[in-house]
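Source file: query11.cif; contents: mmCIF, C-alpha atoms.
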data_run
#
loop_
_atom_site.label_atom_id
_atom_site.label_comp_id
_atom_site.auth_asym_id
_atom_site.auth_seq_id
_atom_site.Cartn_x
_atom_site.Cartn_y
_atom_site.Cartn_z
CA MET L 1 -31.34 205.00 75.43
CA GLY L 2 -33.21 201.72 75.07
CA ARG L 3 -34.37 199.69 78.04
CA TRP L 4 -31.54 197.20 77.56
CA GLN L 5 -29.06 199.94 78.54
CA PRO L 6 -30.13 201.28 81.90
CA ASP L 7 -28.02 204.32 82.77
CA ALA L 8 -25.42 203.77 80.05
CA CYS L 9 -24.33 207.32 80.70
CA GLY L 10 -23.60 206.69 84.36
CA ARG L 11 -21.78 203.47 83.52
CA MET L 12 -19.55 205.24 81.00
CA MET L 13 -18.70 207.94 83.52
CA ALA L 14 -17.87 205.37 86.18
CA ALA L 15 -15.86 203.22 83.74
CA ALA L 16 -13.85 206.21 82.55
CA LEU L 17 -12.96 207.23 86.09
CA GLU L 18 -11.90 203.68 86.96
CA LEU L 19 -9.72 203.44 83.89
CA TYR L 20 -8.17 206.91 84.30
CA ASP L 21 -7.34 205.95 87.86
CA GLU L 22 -5.98 202.48 86.96
CA ARG L 23 -3.91 203.18 83.84
CA GLY L 24 -3.83 206.94 83.56
CA TYR L 25 -5.84 209.37 81.48
CA ASP L 26 -3.42 209.44 78.55
CA GLN L 27 -3.30 205.66 78.35
CA THR L 28 -7.07 205.24 78.20
CA THR L 29 -8.97 205.31 74.90
CA VAL L 30 -12.66 205.80 74.20
CA ALA L 31 -12.68 202.17 73.02
CA ASP L 32 -11.43 201.09 76.47
CA ILE L 33 -14.15 203.09 78.22
CA ALA L 34 -16.89 201.78 75.95
CA ALA L 35 -15.72 198.17 76.44
CA ARG L 36 -15.61 198.54 80.24
CA ALA L 37 -19.08 200.10 80.28
CA GLY L 38 -20.47 197.46 77.89
CA VAL L 39 -21.46 199.89 75.15
CA THR L 40 -20.24 200.63 71.64
CA GLU L 41 -17.96 203.54 70.80
CA ARG L 42 -20.86 204.92 68.82
CA THR L 43 -22.94 205.04 71.99
CA PHE L 44 -20.09 206.79 73.78
CA PHE L 45 -19.96 209.50 71.16
CA ARG L 46 -23.72 209.94 71.28
CA HIS L 47 -23.28 211.06 74.90
CA PHE L 48 -19.87 212.70 75.03
CA ALA L 49 -17.77 214.68 72.58
CA ASP L 50 -14.52 213.09 73.76
CA LYS L 51 -12.84 211.34 76.65
CA ARG L 52 -12.43 214.61 78.47
CA GLU L 53 -16.13 215.40 78.63
CA VAL L 54 -16.98 212.12 80.31
CA LEU L 55 -15.46 213.52 83.52
CA PHE L 56 -17.84 216.44 83.58
CA ASP L 57 -21.47 216.25 84.58
CA ARG L 58 -23.42 217.12 81.48
CA GLU L 59 -26.52 217.78 83.48
CA ASN L 60 -24.76 220.33 85.61
CA ALA L 61 -26.47 219.15 88.79
CA LEU L 62 -24.25 221.29 90.98
CA GLN L 63 -25.02 224.50 89.14
CA HIS L 64 -28.74 223.78 89.05
CA ALA L 65 -28.83 223.09 92.78
CA ALA L 66 -26.92 226.28 93.56
CA VAL L 67 -29.02 228.48 91.28
CA ASP L 68 -32.28 227.01 92.62
CA ALA L 69 -31.22 227.59 96.23
CA LEU L 70 -30.24 231.16 95.40
CA ALA L 71 -33.62 231.82 93.81
CA GLY L 72 -35.39 230.16 96.74
CA ALA L 73 -33.68 232.16 99.48
CA PRO L 74 -35.99 234.55 101.39
CA ALA L 75 -36.60 237.70 99.36
CA ASP L 76 -35.17 239.97 102.04
CA ASP L 77 -31.91 237.99 102.35
CA GLY L 78 -28.94 240.03 101.21
CA ALA L 79 -26.50 238.88 98.51
CA MET L 80 -24.23 236.99 100.89
CA SER L 81 -27.03 235.16 102.71
CA ALA L 82 -28.52 234.03 99.42
CA LEU L 83 -25.08 232.95 98.20
CA ALA L 84 -24.55 231.02 101.42
CA ALA L 85 -27.71 229.04 100.65
CA ALA L 86 -26.42 228.42 97.12
CA MET L 87 -23.06 227.23 98.43
CA ASP L 88 -24.75 224.92 100.91
CA ALA L 89 -26.83 223.40 98.12
CA ALA L 90 -23.78 222.95 95.87
CA CYS L 91 -21.90 221.28 98.71
CA GLY L 92 -24.91 219.04 99.31
CA VAL L 93 -24.72 217.68 95.74
CA LEU L 94 -21.19 216.38 96.32
CA ALA L 95 -21.36 215.62 100.03
CA ASP L 96 -21.97 211.88 99.75
CA ARG L 97 -19.59 211.35 96.81
CA ARG L 98 -16.33 212.05 98.58
CA GLU L 99 -14.47 209.02 97.23
CA ARG L 100 -15.55 209.59 93.64
CA ALA L 101 -14.82 213.31 93.91
CA THR L 102 -11.35 212.62 95.28
CA ARG L 103 -10.46 210.18 92.50
CA ARG L 104 -11.85 212.50 89.86
CA GLN L 105 -9.86 215.42 91.22
CA GLY L 106 -6.69 213.34 91.16
CA VAL L 107 -7.16 212.78 87.42
CA ILE L 108 -7.98 216.44 86.82
CA ASP L 109 -5.04 217.77 88.82
CA ALA L 110 -2.64 215.76 86.68
CA HIS L 111 -3.87 217.25 83.39
CA PRO L 112 -3.88 220.96 82.57
CA SER L 113 -6.51 220.48 79.86
CA LEU L 114 -8.86 218.95 82.44
CA GLN L 115 -8.08 221.68 84.97
CA GLU L 116 -9.00 224.22 82.31
CA ARG L 117 -12.29 222.51 81.61
CA GLU L 118 -13.07 222.45 85.33
CA LEU L 119 -12.26 226.16 85.64
CA LEU L 120 -14.62 226.93 82.75
CA LYS L 121 -17.36 225.11 84.65
CA MET L 122 -16.62 227.14 87.77
CA ALA L 123 -16.67 230.36 85.72
CA ALA L 124 -20.07 229.35 84.34
CA LEU L 125 -21.27 228.74 87.90
CA ALA L 126 -20.13 232.23 88.93
CA THR L 127 -21.88 233.75 85.92
CA ALA L 128 -25.10 231.89 86.72
CA LEU L 129 -25.00 232.96 90.37
CA ALA L 130 -24.32 236.58 89.43
CA GLU L 131 -27.33 236.44 87.12
CA GLY L 132 -29.43 234.95 89.91
CA LEU L 133 -28.37 237.75 92.24
CA ARG L 134 -29.30 240.39 89.67
CA ALA L 135 -32.71 238.73 89.37
CA ARG L 136 -33.01 239.23 93.14
CA GLY L 137 -32.35 242.95 92.71
CA VAL L 138 -28.65 243.04 93.54
CA ALA L 139 -26.73 245.64 91.51
CA PRO L 140 -24.69 244.09 88.67
CA LEU L 141 -21.23 244.97 90.00
CA ALA L 142 -21.98 243.75 93.52
CA ALA L 143 -23.55 240.60 92.07
CA GLY L 144 -20.48 239.87 89.95
CA VAL L 145 -17.82 240.32 92.61
CA ALA L 146 -19.82 238.48 95.28
CA ALA L 147 -20.52 235.51 92.99
CA GLU L 148 -16.85 235.26 91.97
CA ALA L 149 -15.71 235.42 95.59
CA VAL L 150 -18.13 232.71 96.70
CA VAL L 151 -17.27 230.38 93.83
CA GLY L 152 -13.60 230.88 94.75
CA ALA L 153 -14.48 229.95 98.33
CA PHE L 154 -16.36 226.89 97.06
CA ARG L 155 -13.29 225.69 95.16
CA ILE L 156 -11.16 226.14 98.25
CA ALA L 157 -13.69 224.37 100.46
CA PHE L 158 -13.80 221.47 98.00
CA ALA L 159 -9.99 221.17 97.98
CA ARG L 160 -9.91 221.17 101.78
CA TRP L 161 -12.67 218.57 101.96
CA ILE L 162 -10.90 216.01 99.77
CA ALA L 163 -7.55 216.56 101.49
CA PRO L 164 -6.33 213.57 103.52
CA GLY L 165 -7.40 213.73 107.16
CA GLU L 166 -10.46 215.93 106.60
CA GLU L 167 -13.45 214.06 108.02
CA ARG L 168 -16.14 216.72 108.15
CA ASP L 169 -19.14 217.07 105.85
CA LEU L 170 -18.48 219.28 102.82
CA ARG L 171 -21.29 221.61 103.92
CA GLU L 172 -19.55 222.23 107.22
CA VAL L 173 -16.23 222.92 105.51
CA GLY L 174 -18.09 225.20 103.09
CA ARG L 175 -19.69 227.24 105.86
CA GLU L 176 -16.38 227.69 107.63
CA THR L 177 -14.69 228.75 104.39
CA LEU L 178 -17.41 231.29 103.64
CA ALA L 179 -17.15 232.72 107.16
CA GLU L 180 -13.41 233.10 106.64
CA LEU L 181 -14.04 234.90 103.34
CA ARG L 182 -16.31 237.40 105.05
CA ALA L 183 -13.86 237.91 107.90
CA VAL L 184 -10.82 238.54 105.72
CA VAL L 185 -12.40 240.53 102.89
CA GLY L 186 -14.82 242.63 104.88
CA MET J 1 17.25 235.45 68.60
CA GLY J 2 19.89 236.99 66.34
CA ARG J 3 20.25 240.72 65.81
CA TRP J 4 18.47 240.52 62.44
CA GLN J 5 15.29 239.57 64.28
CA PRO J 6 14.65 242.23 66.88
CA ASP J 7 11.74 241.17 69.07
CA ALA J 8 10.56 238.33 66.84
CA CYS J 9 8.46 237.19 69.77
CA GLY J 10 6.60 240.48 70.01
CA ARG J 11 6.11 240.56 66.24
CA MET J 12 4.62 237.06 66.24
CA MET J 13 2.22 237.97 69.04
CA ALA J 14 1.13 241.13 67.22
CA ALA J 15 0.82 239.32 63.88
CA ALA J 16 -1.29 236.56 65.43
CA LEU J 17 -3.67 239.03 67.02
CA GLU J 18 -4.04 240.95 63.75
CA LEU J 19 -4.79 237.77 61.84
CA TYR J 20 -7.19 236.37 64.43
CA ASP J 21 -9.01 239.67 64.32
CA GLU J 22 -9.02 239.90 60.51
CA ARG J 23 -9.89 236.35 59.44
CA GLY J 24 -10.78 234.60 62.65
CA TYR J 25 -8.82 232.30 64.93
CA ASP J 26 -9.88 229.06 63.26
CA GLN J 27 -8.99 230.35 59.80
CA THR J 28 -5.45 231.37 60.80
CA THR J 29 -2.54 228.94 60.60
CA VAL J 30 0.88 229.08 62.20
CA ALA J 31 2.26 229.49 58.66
CA ASP J 32 0.13 232.63 58.25
CA ILE J 33 1.39 234.07 61.52
CA ALA J 34 5.02 233.30 60.74
CA ALA J 35 4.69 234.88 57.28
CA ARG J 36 3.08 238.04 58.65
CA ALA J 37 5.77 238.36 61.33
CA GLY J 38 8.55 237.66 58.83
CA VAL J 39 9.86 234.54 60.55
CA THR J 40 9.93 230.86 59.72
CA GLU J 41 7.47 228.38 61.19
CA ARG J 42 10.44 226.82 62.91
CA THR J 43 11.07 230.10 64.72
CA PHE J 44 7.43 230.24 65.71
CA PHE J 45 7.61 226.81 67.29
CA ARG J 46 10.82 227.72 69.11
CA HIS J 47 8.77 230.32 70.99
CA PHE J 48 5.27 228.90 71.21
CA ALA J 49 3.82 225.41 71.45
CA ASP J 50 0.88 226.25 69.19
CA LYS J 51 -1.27 229.07 67.85
CA ARG J 52 -3.14 229.26 71.12
CA GLU J 53 -0.10 230.03 73.25
CA VAL J 54 0.86 233.04 71.16
CA LEU J 55 -2.05 234.91 72.76
CA PHE J 56 -0.68 234.42 76.26
CA ASP J 57 2.22 236.30 77.71
CA ARG J 58 4.91 233.73 78.32
CA GLU J 59 6.75 236.03 80.64
CA ASN J 60 3.74 236.44 82.83
CA ALA J 61 4.36 240.14 83.37
CA LEU J 62 1.02 240.65 85.05
CA GLN J 63 1.58 237.93 87.65
CA HIS J 64 5.12 239.11 88.36
CA ALA J 65 3.99 242.70 88.86
CA ALA J 66 1.17 241.63 91.19
CA VAL J 67 3.34 239.29 93.25
CA ASP J 68 6.13 241.88 93.55
CA ALA J 69 3.68 244.55 94.70
CA LEU J 70 2.23 242.16 97.26
CA ALA J 71 5.65 241.36 98.64
CA GLY J 72 6.57 245.06 98.68
CA ALA J 73 3.50 246.24 100.60
CA PRO J 74 4.26 247.57 104.11
CA ALA J 75 4.76 244.69 106.55
CA ASP J 76 1.92 245.80 108.79
CA ASP J 77 -0.60 246.02 105.92
CA GLY J 78 -3.36 243.43 106.26
CA ALA J 79 -4.25 240.90 103.58
CA MET J 80 -6.69 243.17 101.75
CA SER J 81 -4.39 246.20 101.70
CA ALA J 82 -1.56 244.12 100.32
CA LEU J 83 -3.90 242.60 97.72
CA ALA J 84 -5.09 246.08 96.75
CA ALA J 85 -1.47 246.98 95.97
CA ALA J 86 -1.14 243.78 93.92
CA MET J 87 -4.33 244.56 92.00
CA ASP J 88 -3.16 248.09 91.31
CA ALA J 89 0.12 246.76 89.93
CA ALA J 90 -1.64 244.18 87.76
CA CYS J 91 -3.96 246.86 86.40
CA GLY J 92 -0.92 249.05 85.73
CA VAL J 93 0.58 246.40 83.43
CA LEU J 94 -2.45 246.50 81.13
CA ALA J 95 -3.49 250.13 81.59
CA ASP J 96 -1.87 251.53 78.44
CA ARG J 97 -2.78 248.54 76.25
CA ARG J 98 -6.51 248.98 76.15
CA GLU J 99 -6.91 248.52 72.41
CA ARG J 100 -4.75 245.42 72.26
CA ALA J 101 -6.46 243.98 75.35
CA THR J 102 -9.89 244.56 73.84
CA ARG J 103 -9.03 242.87 70.56
CA ARG J 104 -7.39 239.97 72.35
CA GLN J 105 -10.41 239.49 74.60
CA GLY J 106 -12.68 239.46 71.56
CA VAL J 107 -10.74 236.50 70.16
CA ILE J 108 -10.69 234.73 73.52
CA ASP J 109 -14.41 235.20 74.18
CA ALA J 110 -15.24 233.50 70.89
CA HIS J 111 -13.29 230.32 71.71
CA PRO J 112 -13.91 228.13 74.76
CA SER J 113 -10.43 226.61 74.52
CA LEU J 114 -8.93 230.10 74.78
CA GLN J 115 -11.25 231.04 77.64
CA GLU J 116 -10.10 227.93 79.46
CA ARG J 117 -6.46 228.84 78.97
CA GLU J 118 -7.13 232.34 80.29
CA LEU J 119 -8.90 230.94 83.33
CA LEU J 120 -5.94 228.69 84.06
CA LYS J 121 -3.73 231.79 84.04
CA MET J 122 -6.07 233.54 86.45
CA ALA J 123 -6.08 230.47 88.71
CA ALA J 124 -2.28 230.52 88.69
CA LEU J 125 -2.37 234.20 89.62
CA ALA J 126 -4.67 233.44 92.58
CA THR J 127 -2.37 230.64 93.71
CA ALA J 128 0.68 232.91 93.48
CA LEU J 129 -1.05 235.67 95.44
CA ALA J 130 -2.22 233.23 98.13
CA GLU J 131 1.36 232.02 98.45
CA GLY J 132 2.57 235.61 98.71
CA LEU J 133 0.04 236.29 101.47
CA ARG J 134 1.16 233.22 103.40
CA ALA J 135 4.74 234.48 103.11
CA ARG J 136 3.47 237.68 104.75
CA GLY J 137 2.11 235.67 107.67
CA VAL J 138 -1.54 235.41 106.60
CA ALA J 139 -3.15 232.09 107.60
CA PRO J 140 -3.53 229.67 104.65
CA LEU J 141 -7.34 229.62 104.53
CA ALA J 142 -7.68 233.39 104.75
CA ALA J 143 -4.92 233.78 102.14
CA GLY J 144 -6.69 231.40 99.75
CA VAL J 145 -10.16 232.90 99.91
CA ALA J 146 -8.91 236.49 99.80
CA ALA J 147 -6.67 235.83 96.78
CA GLU J 148 -9.51 234.09 94.91
CA ALA J 149 -11.92 236.93 95.68
CA VAL J 150 -9.48 239.59 94.50
CA VAL J 151 -8.59 237.78 91.29
CA GLY J 152 -12.32 237.45 90.64
CA ALA J 153 -12.64 241.20 91.17
CA PHE J 154 -9.71 241.77 88.81
CA ARG J 155 -11.43 239.79 86.05
CA ILE J 156 -14.60 241.79 86.54
CA ALA J 157 -12.71 245.09 86.57
CA PHE J 158 -10.97 244.09 83.35
CA ALA J 159 -14.28 243.22 81.65
CA ARG J 160 -15.77 246.55 82.74
CA TRP J 161 -12.71 248.45 81.51
CA ILE J 162 -12.82 247.06 77.97
CA ALA J 163 -16.59 247.53 77.70
CA PRO J 164 -17.69 250.19 75.18
CA GLY J 165 -18.10 253.61 76.77
CA GLU J 166 -15.73 253.03 79.68
CA GLU J 167 -13.11 255.77 79.55
CA ARG J 168 -11.43 255.53 82.93
CA ASP J 169 -8.00 254.11 83.70
CA LEU J 170 -8.02 250.41 84.54
CA ARG J 171 -6.53 251.18 87.95
CA GLU J 172 -9.45 253.39 88.81
CA VAL J 173 -11.96 250.76 87.68
CA GLY J 174 -9.97 248.20 89.69
CA ARG J 175 -10.10 250.25 92.89
CA GLU J 176 -13.82 250.79 92.56
CA THR J 177 -14.40 247.07 91.94
CA LEU J 178 -12.33 246.11 94.97
CA ALA J 179 -14.24 248.59 97.15
CA GLU J 180 -17.49 247.00 95.94
CA LEU J 181 -16.16 243.54 96.81
CA ARG J 182 -15.40 244.66 100.36
CA ALA J 183 -18.78 246.34 100.70
CA VAL J 184 -20.85 243.39 99.50
CA VAL J 185 -18.88 240.51 101.04
CA GLY J 186 -18.04 242.09 104.38
#
Full structure transcribed into structure tokens:
Amino acid sequence: MGRWQPDACGRMMAAALELYDERGYDQTTVADIAARAGVTERTFFRHFADKREVLFDRENALQHAAVDALAGAPADDGAMSALAAAMDAACGVLADRRERATRRQGVIDAHPSLQERELLKMAALATALAEGLRARGVAPLAAGVAAEAVVGAFRIAFARWIAPGEERDLREVGRETLAELRAVVG
Amino acid sequence: MGRWQPDACGRMMAAALELYDERGYDQTTVADIAARAGVTERTFFRHFADKREVLFDRENALQHAAVDALAGAPADDGAMSALAAAMDAACGVLADRRERATRRQGVIDAHPSLQERELLKMAALATALAEGLRARGVAPLAAGVAAEAVVGAFRIAFARWIAPGEERDLREVGRETLAELRAVVG
């Protein structure tokens, strides 16, 4: 991107979310998003494959934060302690974006194709965490089931956090959800 | 369906899988599938929205079996015992279809849009199981995290079962996977 387009990517993501919220996902075109963000359609397509992808963080900040926290957990932490650190880090990425996250989820919930894309991202997160656990010496089967369970708990914590009336920090909701997982499954 | 078309639906599903396996998913058209199954394209579209849907069981036999088993578990069984019964029932639905399941998974693994559809089905299964647990008196949060964890374990058990060299019954692999989940998470 040239200097005359600071953060065109961020502007396109914000413009898309505004438009999806205002007129609906189906009623919004790439041309609309580009116009709102002040870029050409060509620029849009240099960054995103289609109007679906603009809702998903290409840089995968959440996954990177979670995987880094997992790798950085004390070497003698067991699988669940390391995963708790990863969950905390993932929650931290979203914690101060509650309003954006809520609006985004509203768009996603209304469209199965967006829900599917979101689930694929969550599956990739589970795979990455399982790999991180194996790198820490956790046996493959234990790593796989623990990572899946914790990513499931993360999704549930996220849904609770954006529910009306919930005022707590996402990290707090995440910790409570993880404690509940351990209590019910163990 | 008329009597001259016994199980057209099953034939279309089998034909699609054969063709996807033989020439690839992208190279197969609805016309090809209809021809192989001996039906018209019109008949195909009466049963399936597109060539993607023909890979997914419209009747949702797996989810029904799991939900029924959950509901039928002894009333004083806890969440995890009831979920173990559900997992066993789900595994039982696929247990004698190993070859078909393996071929189908090969097609799905090669196509993100099919993986996404499969994940949406698994998410629906988790939601249905969480609902079934709540109906049994399990608190909503515990029901949600336990159902997600067990569906994650089911996916892992399935992947292990279709891996080369695995000879055991899916139910056995499922039980071992669930025991590992309880050991690592608890």
Sorted per-residue table, chain J near chain L, closest atoms and distance, 8 Å, all atoms listed in the file, as CSV:
residue,atom,partner,partner_atom,distance
J:Ala79,CA,L:Val184,CA,7.3
J:Met80,CA,L:Val185,CA,6.4
J:Gln115,CA,L:Leu120,CA,7.4
J:Glu116,CA,L:Glu116,CA,4.8
J:Arg117,CA,L:Glu116,CA,6.2
J:Leu119,CA,L:Leu119,CA,6.3
J:Leu120,CA,L:Glu116,CA,5.7
J:Leu141,CA,L:Glu180,CA,7.3
J:Ala142,CA,L:Glu180,CA,6.0
J:Gly144,CA,L:Ile156,CA,7.1
J:Val145,CA,L:Ala153,CA,5.5
J:Ala146,CA,L:Val185,CA,6.2
J:Glu148,CA,L:Gly152,CA,5.2
J:Ala149,CA,L:Ala149,CA,4.1
J:Val150,CA,L:Ala149,CA,7.6
J:Gly152,CA,L:Glu148,CA,5.2
J:Ala153,CA,L:Val145,CA,5.4
J:Ile156,CA,L:Val145,CA,7.0
J:Thr177,CA,L:Leu141,CA,7.4
J:Glu180,CA,L:Ala142,CA,6.0
J:Leu181,CA,L:Val145,CA,5.5
J:Arg182,CA,L:Gly186,CA,5.0
J:Ala183,CA,L:Gly186,CA,6.8
J:Val184,CA,L:Ala142,CA,6.1
J:Val185,CA,L:Arg182,CA,5.7
J:Gly186,CA,L:Gly186,CA,3.3
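We find atom CA of L:Pro164 and atom CA of L:Cys91 to be spaced 18.0 Å apart.
The two atoms in question, atom CA of L:Ala89 and atom CA of L:His111, are spaced 28.0 Å apart.
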Inset, instruction - Name all residues at most 10 Å from L:Arg98 (count only C-alpha atoms; drop same-chain ones fewer than 2 positions away) and give them as a PyMOL selection string. - result: chain L and resi 94-96+100-104+158+161-162+169-170
Inset, instruction - Measure the distance from atom CA of J:Gly10 to atom CA of J:Ala65 in Å and round it to one decimal. - result: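 Separating atom CA of J:Gly10 from atom CA of J:Ala65 is a distance of 19.2 Å.
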Inset, instruction - With a distance cut-off of 7 Å and only C-alpha atoms, select the neighbouring residues of J:Leu129, excluding the residue or stretch itself and same-chain residues fewer than 4 positions from it, and output the selection as a list in words. - result: Val67, Leu125, Leu133 and Ala147 of chain J
Kindly save the residues from that selection, with C-alpha atoms included, as a PDB file, keeping the file's coordinate frame.
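What ended up in part-v5.pdb:
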ATOM      1  CA  VAL J  67       3.340 239.290  93.250  1.00  0.00           C
ATOM      2  CA  LEU J 125      -2.370 234.200  89.620  1.00  0.00           C
ATOM      3  CA  LEU J 133       0.040 236.290 101.470  1.00  0.00           C
ATOM      4  CA  ALA J 147      -6.670 235.830  96.780  1.00  0.00           C
TER       5      ALA J 147
END
Inset, instruction - Just the residues within 9 Å of stretch 29-39 of chain J, please, counting all atoms listed in the file, with nothing from its chain fewer than 6 positions along; format it as a VMD selection string. - result: chain J and resid 5 8 to 17 19 45 50 to 51
Those residues with C-alpha atoms, as a compact mmCIF listing (two decimals), keeping the file's coordinate frame please?
# COMPACT_ATOMS: atom_id res chain seq x y z
CA GLN J 5 15.29 239.57 64.28
CA ALA J 8 10.56 238.33 66.84
CA CYS J 9 8.46 237.19 69.77
CA GLY J 10 6.60 240.48 70.01
CA ARG J 11 6.11 240.56 66.24
CA MET J 12 4.62 237.06 66.24
CA MET J 13 2.22 237.97 69.04
CA ALA J 14 1.13 241.13 67.22
CA ALA J 15 0.82 239.32 63.88
CA ALA J 16 -1.29 236.56 65.43
CA LEU J 17 -3.67 239.03 67.02
CA LEU J 19 -4.79 237.77 61.84
CA PHE J 45 7.61 226.81 67.29
CA ASP J 50 0.88 226.25 69.19
CA LYS J 51 -1.27 229.07 67.85
Inset, instruction - Run the PyMOL selection byres ((chain J and resi 58) around 12) on the file and write out the hits as JSON, numbers by chain. - result: {"J": [9, 10, 13, 47, 48, 49, 52, 53, 54, 55, 56, 57, 59, 60, 61, 62, 63, 64, 121]}
Please give the centre and size of the box around stretch 13-17 of chain J (axis-aligned, containing every atom listed in the file, 6 Å added per side), with values in Å to one decimal and written as AutoDock Vina command-line options.
--center_x -0.7 --center_y 238.8 --center_z 66.5 --size_x 17.9 --size_y 16.6 --size_z 17.2
Given the point (2.9, 235.1, 95.6) in the coordinates of this file, which residues lie within 8 Å, counting all atoms listed in the file, and how would they look as an mmCIF file with C-alpha atoms, in the coordinates of the input?
data_model
loop_
_atom_site.group_PDB
_atom_site.id
_atom_site.type_symbol
_atom_site.label_atom_id
_atom_site.label_comp_id
_atom_site.auth_asym_id
_atom_site.auth_seq_id
_atom_site.Cartn_x
_atom_site.Cartn_y
_atom_site.Cartn_z
ATOM 1 C CA VAL J 67 3.340 239.290 93.250
ATOM 2 C CA ASP J 68 6.130 241.880 93.550
ATOM 3 C CA LEU J 70 2.230 242.160 97.260
ATOM 4 C CA ALA J 71 5.650 241.360 98.640
ATOM 5 C CA THR J 127 -2.370 230.640 93.710
ATOM 6 C CA ALA J 128 0.680 232.910 93.480
ATOM 7 C CA LEU J 129 -1.050 235.670 95.440
ATOM 8 C CA ALA J 130 -2.220 233.230 98.130
ATOM 9 C CA GLU J 131 1.360 232.020 98.450
ATOM 10 C CA GLY J 132 2.570 235.610 98.710
ATOM 11 C CA LEU J 133 0.040 236.290 101.470
ATOM 12 C CA ALA J 135 4.740 234.480 103.110
#
Inset, instruction - Using all atoms listed in the file, pick whichever of L:Thr40, L:Ile108, L:Arg136, L:Arg23 has the shortest atom-to-atom distance to L:Gly72. - result: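 Among the listed residues, the smallest separation from L:Gly72 belongs to L:Arg136.
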Using the atoms already present, construct all heavy atoms for stretch 94-98 of chain L and hand them back as a PDB file, in the frame of the given file.
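selection.pdb, freshly written:
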ATOM      1  N   LEU L  94     -22.409 217.205  96.305  1.00  0.00           N
ATOM      2  CA  LEU L  94     -21.190 216.380  96.320  1.00  0.00           C
ATOM      3  C   LEU L  94     -20.984 215.640  97.629  1.00  0.00           C
ATOM      4  O   LEU L  94     -20.178 214.703  97.691  1.00  0.00           O
ATOM      5  CB  LEU L  94     -19.969 217.272  96.065  1.00  0.00           C
ATOM      6  CG  LEU L  94     -19.935 218.021  94.730  1.00  0.00           C
ATOM      7  CD1 LEU L  94     -18.714 218.931  94.670  1.00  0.00           C
ATOM      8  CD2 LEU L  94     -19.920 217.040  93.562  1.00  0.00           C
ATOM      9  N   ALA L  95     -21.692 216.060  98.672  1.00  0.00           N
ATOM     10  CA  ALA L  95     -21.360 215.620 100.030  1.00  0.00           C
ATOM     11  C   ALA L  95     -21.205 214.107 100.206  1.00  0.00           C
ATOM     12  O   ALA L  95     -20.303 213.654 100.905  1.00  0.00           O
ATOM     13  CB  ALA L  95     -22.379 216.174 101.026  1.00  0.00           C
ATOM     14  N   ASP L  96     -22.073 213.328  99.541  1.00  0.00           N
ATOM     15  CA  ASP L  96     -21.970 211.880  99.750  1.00  0.00           C
ATOM     16  C   ASP L  96     -21.174 211.182  98.638  1.00  0.00           C
ATOM     17  O   ASP L  96     -21.296 209.977  98.449  1.00  0.00           O
ATOM     18  CB  ASP L  96     -23.366 211.254  99.924  1.00  0.00           C
ATOM     19  CG  ASP L  96     -24.235 211.513  98.721  1.00  0.00           C
ATOM     20  OD1 ASP L  96     -23.793 212.233  97.804  1.00  0.00           O
ATOM     21  OD2 ASP L  96     -25.375 210.992  98.678  1.00  0.00           O
ATOM     22  N   ARG L  97     -20.393 211.952  97.895  1.00  0.00           N
ATOM     23  CA  ARG L  97     -19.590 211.350  96.810  1.00  0.00           C
ATOM     24  C   ARG L  97     -18.107 211.651  97.018  1.00  0.00           C
ATOM     25  O   ARG L  97     -17.381 211.933  96.070  1.00  0.00           O
ATOM     26  CB  ARG L  97     -19.981 211.921  95.459  1.00  0.00           C
ATOM     27  CG  ARG L  97     -21.449 211.763  95.124  1.00  0.00           C
ATOM     28  CD  ARG L  97     -21.692 212.165  93.682  1.00  0.00           C
ATOM     29  NE  ARG L  97     -23.020 212.705  93.496  1.00  0.00           N
ATOM     30  CZ  ARG L  97     -23.410 213.389  92.420  1.00  0.00           C
ATOM     31  NH1 ARG L  97     -22.545 213.625  91.443  1.00  0.00           N
ATOM     32  NH2 ARG L  97     -24.634 213.845  92.317  1.00  0.00           N
ATOM     33  N   ARG L  98     -17.699 211.646  98.267  1.00  0.00           N
ATOM     34  CA  ARG L  98     -16.330 212.050  98.580  1.00  0.00           C
ATOM     35  C   ARG L  98     -15.287 211.198  97.832  1.00  0.00           C
ATOM     36  O   ARG L  98     -14.351 211.724  97.259  1.00  0.00           O
ATOM     37  CB  ARG L  98     -16.097 211.961 100.080  1.00  0.00           C
ATOM     38  CG  ARG L  98     -14.822 212.624 100.530  1.00  0.00           C
ATOM     39  CD  ARG L  98     -14.763 212.675 102.062  1.00  0.00           C
ATOM     40  NE  ARG L  98     -13.656 213.496 102.496  1.00  0.00           N
ATOM     41  CZ  ARG L  98     -12.411 213.057 102.581  1.00  0.00           C
ATOM     42  NH1 ARG L  98     -12.114 211.817 102.287  1.00  0.00           N
ATOM     43  NH2 ARG L  98     -11.436 213.878 102.968  1.00  0.00           N
TER      44      ARG L  98
END
